[in-house]
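Just my_file_12.cif here, mmCIF, C-alpha atoms:
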```
data_model
loop_
_atom_site.label_atom_id
_atom_site.label_comp_id
_atom_site.auth_asym_id
_atom_site.auth_seq_id
_atom_site.Cartn_x
_atom_site.Cartn_y
_atom_site.Cartn_z
CA MET B 1 -11.30 11.38 -7.43
CA GLY B 2 -13.25 9.62 -4.72
CA ASN B 3 -10.81 6.85 -4.06
CA SER B 4 -7.16 6.81 -3.24
CA ILE B 5 -4.93 5.29 -5.89
CA TYR B 6 -3.72 2.80 -3.28
CA LEU B 7 -7.20 1.50 -2.57
CA LEU B 8 -8.05 1.26 -6.27
CA LEU B 9 -4.81 -0.57 -6.96
CA SER B 10 -5.34 -2.91 -4.04
CA ALA B 11 -8.87 -3.74 -5.23
CA PHE B 12 -7.53 -4.40 -8.73
CA VAL B 13 -4.68 -6.62 -7.59
CA PHE B 14 -7.02 -8.53 -5.27
CA SER B 15 -9.58 -9.13 -8.01
CA ALA B 16 -6.86 -10.19 -10.43
CA GLY B 17 -5.55 -12.66 -7.88
CA VAL B 18 -9.02 -14.10 -7.36
CA ALA B 19 -9.49 -14.35 -11.13
CA LEU B 20 -6.19 -16.24 -11.41
CA VAL B 21 -7.18 -18.64 -8.65
CA LEU B 22 -10.55 -19.27 -10.28
CA THR B 23 -9.54 -19.67 -13.91
CA ARG B 24 -6.15 -21.39 -13.92
CA GLN B 25 -5.74 -25.14 -13.77
CA ASN B 26 -2.04 -25.27 -13.00
CA VAL B 27 -1.25 -25.28 -9.28
CA ILE B 28 1.62 -22.83 -9.63
CA ALA B 29 -0.55 -20.32 -11.49
CA VAL B 30 -3.04 -20.58 -8.62
CA LEU B 31 -0.16 -19.94 -6.22
CA ILE B 32 0.78 -16.79 -8.17
CA GLY B 33 -2.83 -15.64 -7.73
CA VAL B 34 -2.60 -16.19 -3.98
CA GLU B 35 0.59 -14.09 -3.88
CA LEU B 36 -1.27 -11.27 -5.64
CA VAL B 37 -4.03 -11.44 -3.01
CA PHE B 38 -1.41 -11.18 -0.25
CA ASN B 39 0.10 -8.16 -1.96
CA ALA B 40 -3.29 -6.48 -2.22
CA ALA B 41 -3.70 -6.90 1.54
CA ASN B 42 -0.23 -5.47 2.09
CA ILE B 43 -0.98 -2.41 -0.04
CA ASN B 44 -4.03 -1.72 2.09
CA PHE B 45 -2.11 -2.18 5.35
CA VAL B 46 0.66 0.19 4.29
CA TYR B 47 -1.78 2.76 2.93
CA PHE B 48 -3.87 2.93 6.09
CA ASN B 49 -0.69 3.03 8.15
CA ALA B 50 0.41 6.05 6.12
CA LEU B 51 -2.83 7.79 7.08
CA TYR B 52 -1.89 7.43 10.76
CA PRO B 53 1.89 7.85 10.64
CA GLU B 54 2.34 8.05 14.40
CA ARG B 55 1.36 4.39 14.69
CA LEU B 56 3.17 1.42 13.15
CA ASP B 57 0.60 -1.40 13.33
CA GLY B 58 0.04 -1.44 9.58
CA GLN B 59 3.72 -1.77 8.73
CA PHE B 60 4.24 -4.45 11.32
CA PHE B 61 1.29 -6.47 10.09
CA THR B 62 2.64 -6.16 6.57
CA LEU B 63 5.90 -7.69 7.77
CA VAL B 64 3.92 -10.52 9.39
CA VAL B 65 1.95 -11.10 6.19
CA ILE B 66 5.15 -11.22 4.14
CA THR B 67 6.66 -13.77 6.53
CA ILE B 68 3.55 -15.94 6.48
CA ALA B 69 3.47 -15.68 2.67
CA ALA B 70 7.05 -16.93 2.48
CA ALA B 71 6.24 -19.88 4.76
CA GLU B 72 3.08 -20.60 2.77
CA THR B 73 4.93 -20.60 -0.54
CA ALA B 74 7.61 -22.97 0.76
CA LEU B 75 4.99 -25.39 2.10
CA ALA B 76 2.84 -25.14 -1.02
CA LEU B 77 5.78 -25.90 -3.29
CA ALA B 78 6.75 -28.88 -1.15
CA ILE B 79 3.21 -30.20 -1.49
CA ILE B 80 3.26 -29.47 -5.24
CA LEU B 81 6.49 -31.44 -5.65
CA LYS B 82 4.95 -34.34 -3.74
CA LEU B 83 1.80 -34.18 -5.87
CA TYR B 84 3.87 -34.12 -9.02
CA ARG B 85 5.76 -37.22 -7.94
CA THR B 86 2.51 -39.02 -7.14
CA TYR B 87 0.30 -37.93 -10.04
CA HIS B 88 2.89 -36.78 -12.64
CA THR B 89 0.83 -33.67 -13.32
CA THR B 90 0.19 -30.26 -11.82
CA ASN B 91 -3.26 -29.92 -13.33
CA LEU B 92 -5.71 -29.38 -10.50
CA ASP B 93 -8.62 -31.13 -12.21
CA GLU B 94 -6.62 -34.34 -12.53
CA ILE B 95 -5.63 -34.36 -8.87
CA SER B 96 -8.85 -35.63 -7.34
CA ASN B 97 -7.94 -38.76 -5.40
CA LEU B 98 -7.20 -38.90 -1.71
CA VAL B 99 -6.06 -42.49 -2.00
CA GLU B 100 -3.29 -43.71 -4.25
CA GLU B 101 -4.67 -45.85 -7.02
CA MET Z 1 9.70 16.76 -7.41
CA ASP Z 2 6.03 16.00 -7.41
CA THR Z 3 5.49 12.50 -6.10
CA GLY Z 4 2.01 12.28 -7.59
CA VAL Z 5 3.44 11.47 -11.00
CA ILE Z 6 5.61 8.71 -9.55
CA HIS Z 7 2.56 7.25 -7.83
CA TYR Z 8 0.80 6.99 -11.16
CA ILE Z 9 3.83 5.57 -12.96
CA LEU Z 10 4.27 2.85 -10.33
CA ALA Z 11 0.55 2.11 -10.26
CA ALA Z 12 0.57 1.81 -14.06
CA LEU Z 13 3.52 -0.59 -13.82
CA VAL Z 14 1.63 -2.76 -11.33
CA VAL Z 15 -1.61 -2.67 -13.32
CA LEU Z 16 0.08 -3.51 -16.62
CA SER Z 17 2.10 -6.39 -15.20
CA VAL Z 18 -0.94 -7.82 -13.40
CA LEU Z 19 -2.92 -7.59 -16.64
CA GLY Z 20 -0.06 -9.40 -18.34
CA ILE Z 21 -0.21 -12.16 -15.75
CA LEU Z 22 -3.95 -12.42 -16.31
CA VAL Z 23 -3.61 -12.63 -20.08
CA THR Z 24 -0.61 -14.91 -20.52
CA ARG Z 25 -0.89 -18.65 -20.22
CA ASN Z 26 2.86 -19.12 -20.02
CA LEU Z 27 3.86 -19.84 -16.43
CA LEU Z 28 7.39 -18.46 -16.77
CA TYR Z 29 6.12 -15.20 -18.27
CA ALA Z 30 3.69 -14.94 -15.35
CA ALA Z 31 6.51 -15.49 -12.85
CA PHE Z 32 8.70 -12.83 -14.46
CA LEU Z 33 5.82 -10.37 -14.71
CA LEU Z 34 5.29 -10.97 -11.00
CA VAL Z 35 8.78 -9.44 -10.48
CA LEU Z 36 7.51 -6.21 -12.06
CA THR Z 37 4.40 -6.30 -9.88
CA PHE Z 38 6.42 -6.72 -6.69
CA LEU Z 39 8.85 -3.98 -7.77
CA GLY Z 40 5.98 -1.56 -8.37
CA VAL Z 41 4.35 -2.42 -5.05
CA ALA Z 42 7.69 -1.94 -3.27
CA GLY Z 43 8.03 1.49 -4.89
CA LEU Z 44 4.56 2.41 -3.68
CA PHE Z 45 5.54 1.27 -0.18
CA VAL Z 46 8.51 3.65 -0.28
CA LEU Z 47 6.22 6.50 -1.27
CA ALA Z 48 3.93 5.61 1.66
CA GLN Z 49 6.81 6.04 4.15
CA ALA Z 50 7.24 2.28 4.63
CA ASP Z 51 10.87 1.97 3.58
CA PHE Z 52 11.66 -1.07 5.70
CA VAL Z 53 8.59 -2.90 4.44
CA ALA Z 54 9.61 -2.06 0.87
CA VAL Z 55 13.08 -3.52 1.36
CA THR Z 56 11.56 -6.60 3.00
CA GLN Z 57 9.20 -6.94 0.07
CA LEU Z 58 12.14 -6.82 -2.34
CA MET Z 59 14.27 -9.29 -0.40
CA ILE Z 60 11.63 -11.85 0.54
CA TYR Z 61 9.26 -11.72 -2.41
CA ILE Z 62 11.68 -11.19 -5.28
CA GLY Z 63 14.64 -12.89 -3.63
CA GLY Z 64 12.78 -15.77 -2.05
CA VAL Z 65 9.23 -16.42 -3.13
CA LEU Z 66 9.83 -15.86 -6.83
CA ILE Z 67 12.93 -18.05 -6.86
CA LEU Z 68 10.87 -20.77 -5.19
CA LEU Z 69 8.11 -20.33 -7.79
CA VAL Z 70 10.54 -20.59 -10.69
CA PHE Z 71 12.09 -23.67 -9.09
CA GLY Z 72 8.62 -25.13 -8.73
CA ILE Z 73 7.84 -24.46 -12.39
CA MET Z 74 11.13 -26.04 -13.48
CA LEU Z 75 10.78 -29.09 -11.25
CA THR Z 76 7.21 -29.92 -12.24
CA ASN Z 77 7.65 -29.69 -16.00
CA ARG Z 78 9.92 -32.15 -17.70
CA VAL Z 79 9.39 -30.87 -21.25
CA ALA Z 80 12.30 -28.99 -22.76
CA GLY Z 81 12.16 -26.50 -25.58
CA GLN Z 82 8.49 -25.68 -25.48
CA PRO Z 83 6.61 -23.09 -23.43
CA ILE Z 84 5.03 -24.21 -20.18
CA LEU Z 85 1.36 -23.40 -20.55
CA THR Z 86 -1.49 -23.67 -18.10
CA GLN Z 87 -4.97 -24.73 -19.10
CA LEU Z 88 -7.92 -22.51 -18.37
CA ASN Z 89 -11.37 -23.39 -17.25
CA ARG Z 90 -14.38 -21.47 -15.93
CA THR Z 91 -12.88 -18.43 -17.65
CA VAL Z 92 -16.10 -16.46 -18.13
CA LEU Z 93 -17.36 -17.19 -14.64
CA GLY Z 94 -14.04 -16.35 -13.02
CA VAL Z 95 -13.60 -13.08 -14.89
CA LEU Z 96 -17.22 -12.06 -14.22
CA PHE Z 97 -16.83 -12.86 -10.53
CA SER Z 98 -13.61 -10.89 -10.16
CA VAL Z 99 -14.98 -7.90 -12.08
CA ALA Z 100 -18.00 -7.91 -9.75
CA LEU Z 101 -15.61 -8.17 -6.79
CA PHE Z 102 -13.54 -5.23 -8.05
CA THR Z 103 -16.62 -3.10 -8.62
CA SER Z 104 -18.04 -3.81 -5.20
CA ILE Z 105 -14.75 -3.17 -3.40
CA VAL Z 106 -14.31 0.13 -5.20
CA TYR Z 107 -17.93 1.05 -4.42
CA LEU Z 108 -17.60 0.13 -0.76
CA SER Z 109 -14.27 1.88 -0.27
CA GLN Z 110 -15.49 5.23 -1.51
CA GLY Z 111 -15.02 8.06 0.91
CA PHE Z 112 -11.46 7.26 1.93
CA HIS Z 113 -9.65 10.29 0.59
CA SER Z 114 -5.92 10.24 0.36
CA THR Z 115 -4.58 12.81 2.75
CA GLU Z 116 -1.40 14.77 2.56
CA ALA Z 117 1.52 12.45 3.26
CA VAL Z 118 3.13 13.28 6.58
CA VAL Z 119 6.79 12.43 6.87
CA VAL Z 120 7.55 11.18 10.35
CA PRO Z 121 11.27 11.09 11.12
CA HIS Z 122 13.05 7.97 12.39
CA ALA Z 123 10.32 5.63 11.15
CA ILE Z 124 12.67 2.65 10.83
CA GLN Z 125 14.10 3.26 14.29
CA ARG Z 126 10.60 3.38 15.77
CA LEU Z 127 9.66 0.20 13.88
CA GLY Z 128 12.67 -1.62 15.28
CA MET Z 129 11.87 -0.49 18.80
CA ALA Z 130 8.23 -1.50 18.38
CA ILE Z 131 9.17 -4.96 17.09
CA LEU Z 132 11.29 -5.62 20.16
CA THR Z 133 8.85 -4.12 22.68
CA ASP Z 134 5.16 -3.82 21.78
CA TYR Z 135 5.03 -6.60 19.20
CA PHE Z 136 7.66 -8.86 20.69
CA ILE Z 137 5.36 -11.87 21.28
CA LEU Z 138 3.96 -11.66 17.76
CA PHE Z 139 7.47 -11.32 16.34
CA GLU Z 140 8.66 -14.45 18.15
CA ILE Z 141 5.56 -16.44 17.20
CA VAL Z 142 5.98 -15.53 13.54
CA GLY Z 143 9.59 -16.64 13.73
CA VAL Z 144 8.59 -20.00 15.17
CA VAL Z 145 5.83 -20.39 12.56
CA LEU Z 146 8.34 -19.73 9.79
CA LEU Z 147 10.80 -22.24 11.23
CA VAL Z 148 8.16 -24.94 11.63
CA ALA Z 149 6.81 -24.31 8.12
CA LEU Z 150 10.26 -24.55 6.56
CA VAL Z 151 11.15 -27.73 8.44
CA GLY Z 152 7.77 -29.16 7.47
CA ALA Z 153 8.32 -28.20 3.83
CA ALA Z 154 11.71 -29.90 3.80
CA THR Z 155 10.18 -32.99 5.41
CA ILE Z 156 7.34 -33.17 2.91
CA ALA Z 157 9.46 -32.56 -0.16
CA ARG Z 158 12.42 -34.83 0.55
CA PHE Z 159 12.95 -37.97 -1.43
CA LYS Z 160 11.94 -41.00 0.59
CA GLY Z 161 13.02 -44.57 0.14
CA GLU Z 162 10.50 -47.31 -0.50
CA GLY Z 163 8.52 -48.36 2.54
CA HIS Z 164 8.70 -45.07 4.39
CA GLY Z 165 5.38 -43.84 3.12
#
```

Please go through the file and, once you have read it, give me the structure as structure tokens.
Amino acid sequence: MGNSIYLLLSAFVFSAGVALVLTRQNVIAVLIGVELVFNAANINFVYFNALYPERLDGQFFTLVVITIAAAETALALAIILKLYRTYHTTNLDEISNLVEE
Amino acid sequence: MDTGVIHYILAALVVLSVLGILVTRNLLYAAFLLVLTFLGVAGLFVLAQADFVAVTQLMIYIGGVLILLVFGIMLTNRVAGQPILTQLNRTVLGVLFSVALFTSIVYLSQGFHSTEAVVVPHAIQRLGMAILTDYFILFEIVGVVLLVALVGAATIARFKGEGHG
């Protein structure tokens, strides 16, 4: 096998996340896709850290990514709630105005 | 016990749950399948000698992010008794693009062979020391970013009276 199972899995999760972001119309489904992309990055970080176990950069950057992902999700959901109150929908194609009508 | 088998079992769990998320249009099913994905990824982290990262993944992703997602789904859908579905568009284009992406990543990442896992003792102790010495600035900055983001989220999401914007 040419590739490590971690790299294959990371590529798969990343592509699935991108597919979710591209094909779904609901904002929360898009957010789930973004979480998958973050996880793919984390798998890569941890895998390459395991190749050089005397260093800890990979694990620390994974912790940073997880923290940023938590902050991002909280902010995104706040914005989604605000959008829902303004537009009464979470369908991305119907949210196209910058100005309230 | 041979850990190779466990690798494959966890990878299969992740792949199957991600495929489920891709196939289903029900948002709640997708959120619950995401639990399985995060669990599988956390298991793989443990097998890659990243125990602390695995526990963090469990606590923050499953305990925090997923709860937030489910709250978001509940708060933005006022229909009771029927499944919460998402519409699709650009399906063919999106799937084609991601398949091409997957193929090219796999092609480009050839040559990285998985080596024999080396168990380094006291990994968590070393990580804790590194966080408070080598990566201290980054650690503090991330903390401040998280605080600012959470305060900003609370500010954006709160109910405002009329006339306050």

Select from chain B every residue with an atom at most 6 Å from any atom of chain Z, then for each give the shortest pair of atoms and their distance in Å to one decimal, using all atoms listed in the file, rows by chain and rising number, as CSV.
```
residue,atom,partner,partner_atom,distance
B:Gly2,CA,Z:Gln110,CA,5.9
B:Asn3,CA,Z:Gln110,CA,5.6
B:Ser4,CA,Z:Ser114,CA,5.1
B:Ala11,CA,Z:Phe102,CA,5.7
B:Ser15,CA,Z:Ser98,CA,4.9
B:Ala19,CA,Z:Gly94,CA,5.3
B:Leu22,CA,Z:Gly94,CA,5.3
B:Thr23,CA,Z:Thr91,CA,5.2
B:Arg24,CA,Z:Leu88,CA,4.9
B:Gln25,CA,Z:Gln87,CA,5.4
B:Asn26,CA,Z:Thr86,CA,5.4
B:Ala50,CA,Z:Ala48,CA,5.7
B:Ala71,CA,Z:Leu146,CA,5.5
B:Leu75,CA,Z:Ala153,CA,4.7
B:Ala78,CA,Z:Ala157,CA,4.7
```

*Distance of atom CA of Asn39 of chain B from atom CA of Asp93 of chain B, expressed in Å to one decimal place*: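 Between these atoms lies a distance of 26.6 Å.
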
_d(atom CA of Val37 of chain B, atom CA of Ile84 of chain Z) in Å_ = 23.2 Å

*Report as a PyMOL selection string the residues that result from applying the PyMOL selection byres ((chain B and resi 61) around 12) to the structure here.*
(chain B and resi 38+41-46+48-49+55-60+62-68) or (chain Z and resi 50+53+127+130-131+135+138-139+142)

Can you write just those residues out, C-alpha atoms, as a short mmCIF file (atom, residue, chain, number, x, y, z; two decimals), in the frame of the given file?
```
data_model
loop_
_atom_site.label_atom_id
_atom_site.label_comp_id
_atom_site.auth_asym_id
_atom_site.auth_seq_id
_atom_site.Cartn_x
_atom_site.Cartn_y
_atom_site.Cartn_z
CA PHE B 38 -1.41 -11.18 -0.25
CA ALA B 41 -3.70 -6.90 1.54
CA ASN B 42 -0.23 -5.47 2.09
CA ILE B 43 -0.98 -2.41 -0.04
CA ASN B 44 -4.03 -1.72 2.09
CA PHE B 45 -2.11 -2.18 5.35
CA VAL B 46 0.66 0.19 4.29
CA PHE B 48 -3.87 2.93 6.09
CA ASN B 49 -0.69 3.03 8.15
CA ARG B 55 1.36 4.39 14.69
CA LEU B 56 3.17 1.42 13.15
CA ASP B 57 0.60 -1.40 13.33
CA GLY B 58 0.04 -1.44 9.58
CA GLN B 59 3.72 -1.77 8.73
CA PHE B 60 4.24 -4.45 11.32
CA THR B 62 2.64 -6.16 6.57
CA LEU B 63 5.90 -7.69 7.77
CA VAL B 64 3.92 -10.52 9.39
CA VAL B 65 1.95 -11.10 6.19
CA ILE B 66 5.15 -11.22 4.14
CA THR B 67 6.66 -13.77 6.53
CA ILE B 68 3.55 -15.94 6.48
CA ALA Z 50 7.24 2.28 4.63
CA VAL Z 53 8.59 -2.90 4.44
CA LEU Z 127 9.66 0.20 13.88
CA ALA Z 130 8.23 -1.50 18.38
CA ILE Z 131 9.17 -4.96 17.09
CA TYR Z 135 5.03 -6.60 19.20
CA LEU Z 138 3.96 -11.66 17.76
CA PHE Z 139 7.47 -11.32 16.34
CA VAL Z 142 5.98 -15.53 13.54
#
```

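Of the listed residues (Z:Leu58, Z:Met74, Z:Leu16, Z:Met129), Z:Met74 comes nearest to Tyr84 of chain B; the distances count all atoms listed in the file.
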
*Interatomic distance, atom CA of Val27 of chain B to atom CA of Gly63 of chain Z (Å, one decimal)*: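 Here the two named atoms are 20.9 Å from each other.
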
_Minimum-distance residue to Ile5 of chain B, chosen among B:Tyr47, B:Leu81, B:Ala29, B:Tyr87 (using only C-alpha atoms)_ =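 The shortest atom-to-atom distance to Ile5 of chain B comes from B:Tyr47.
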
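Remark: for Ile79 of chain B, the closest of the candidate residues B:Leu7, B:Ile28, B:Val13, B:Val18 is B:Ile28 (distances computed over all atoms listed in the file).
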
Mind completing segment 84-96 of chain Z with N, CA and C atoms? Output as a PDB file, in the frame of the given file, please?
```pdb
ATOM      1  N   ILE Z  84       5.804 -23.525 -21.211  1.00  0.00           N
ATOM      2  CA  ILE Z  84       5.030 -24.210 -20.180  1.00  0.00           C
ATOM      3  C   ILE Z  84       3.706 -23.481 -20.030  1.00  0.00           C
ATOM      4  N   LEU Z  85       2.653 -24.068 -20.530  1.00  0.00           N
ATOM      5  CA  LEU Z  85       1.360 -23.400 -20.550  1.00  0.00           C
ATOM      6  C   LEU Z  85       0.452 -23.987 -19.482  1.00  0.00           C
ATOM      7  N   THR Z  86      -0.475 -23.172 -19.020  1.00  0.00           N
ATOM      8  CA  THR Z  86      -1.490 -23.670 -18.100  1.00  0.00           C
ATOM      9  C   THR Z  86      -2.827 -23.687 -18.815  1.00  0.00           C
ATOM     10  N   GLN Z  87      -3.626 -24.690 -18.505  1.00  0.00           N
ATOM     11  CA  GLN Z  87      -4.970 -24.730 -19.100  1.00  0.00           C
ATOM     12  C   GLN Z  87      -5.885 -23.787 -18.321  1.00  0.00           C
ATOM     13  N   LEU Z  88      -6.928 -23.360 -19.009  1.00  0.00           N
ATOM     14  CA  LEU Z  88      -7.920 -22.510 -18.370  1.00  0.00           C
ATOM     15  C   LEU Z  88      -9.221 -23.277 -18.259  1.00  0.00           C
ATOM     16  N   ASN Z  89      -9.968 -22.973 -17.236  1.00  0.00           N
ATOM     17  CA  ASN Z  89     -11.370 -23.390 -17.250  1.00  0.00           C
ATOM     18  C   ASN Z  89     -12.172 -22.390 -16.450  1.00  0.00           C
ATOM     19  N   ARG Z  90     -13.477 -22.418 -16.588  1.00  0.00           N
ATOM     20  CA  ARG Z  90     -14.380 -21.470 -15.930  1.00  0.00           C
ATOM     21  C   ARG Z  90     -13.951 -20.034 -16.182  1.00  0.00           C
ATOM     22  N   THR Z  91     -13.446 -19.753 -17.392  1.00  0.00           N
ATOM     23  CA  THR Z  91     -12.880 -18.430 -17.650  1.00  0.00           C
ATOM     24  C   THR Z  91     -13.928 -17.335 -17.491  1.00  0.00           C
ATOM     25  N   VAL Z  92     -15.081 -17.511 -18.149  1.00  0.00           N
ATOM     26  CA  VAL Z  92     -16.100 -16.460 -18.130  1.00  0.00           C
ATOM     27  C   VAL Z  92     -16.590 -16.215 -16.709  1.00  0.00           C
ATOM     28  N   LEU Z  93     -16.868 -17.304 -16.014  1.00  0.00           N
ATOM     29  CA  LEU Z  93     -17.360 -17.190 -14.640  1.00  0.00           C
ATOM     30  C   LEU Z  93     -16.332 -16.502 -13.739  1.00  0.00           C
ATOM     31  N   GLY Z  94     -15.077 -16.936 -13.861  1.00  0.00           N
ATOM     32  CA  GLY Z  94     -14.040 -16.350 -13.020  1.00  0.00           C
ATOM     33  C   GLY Z  94     -13.857 -14.877 -13.280  1.00  0.00           C
ATOM     34  N   VAL Z  95     -13.802 -14.488 -14.559  1.00  0.00           N
ATOM     35  CA  VAL Z  95     -13.600 -13.080 -14.890  1.00  0.00           C
ATOM     36  C   VAL Z  95     -14.807 -12.256 -14.434  1.00  0.00           C
ATOM     37  N   LEU Z  96     -16.012 -12.778 -14.662  1.00  0.00           N
ATOM     38  CA  LEU Z  96     -17.220 -12.060 -14.220  1.00  0.00           C
ATOM     39  C   LEU Z  96     -17.197 -11.861 -12.710  1.00  0.00           C
TER      40      LEU Z  96
END
```
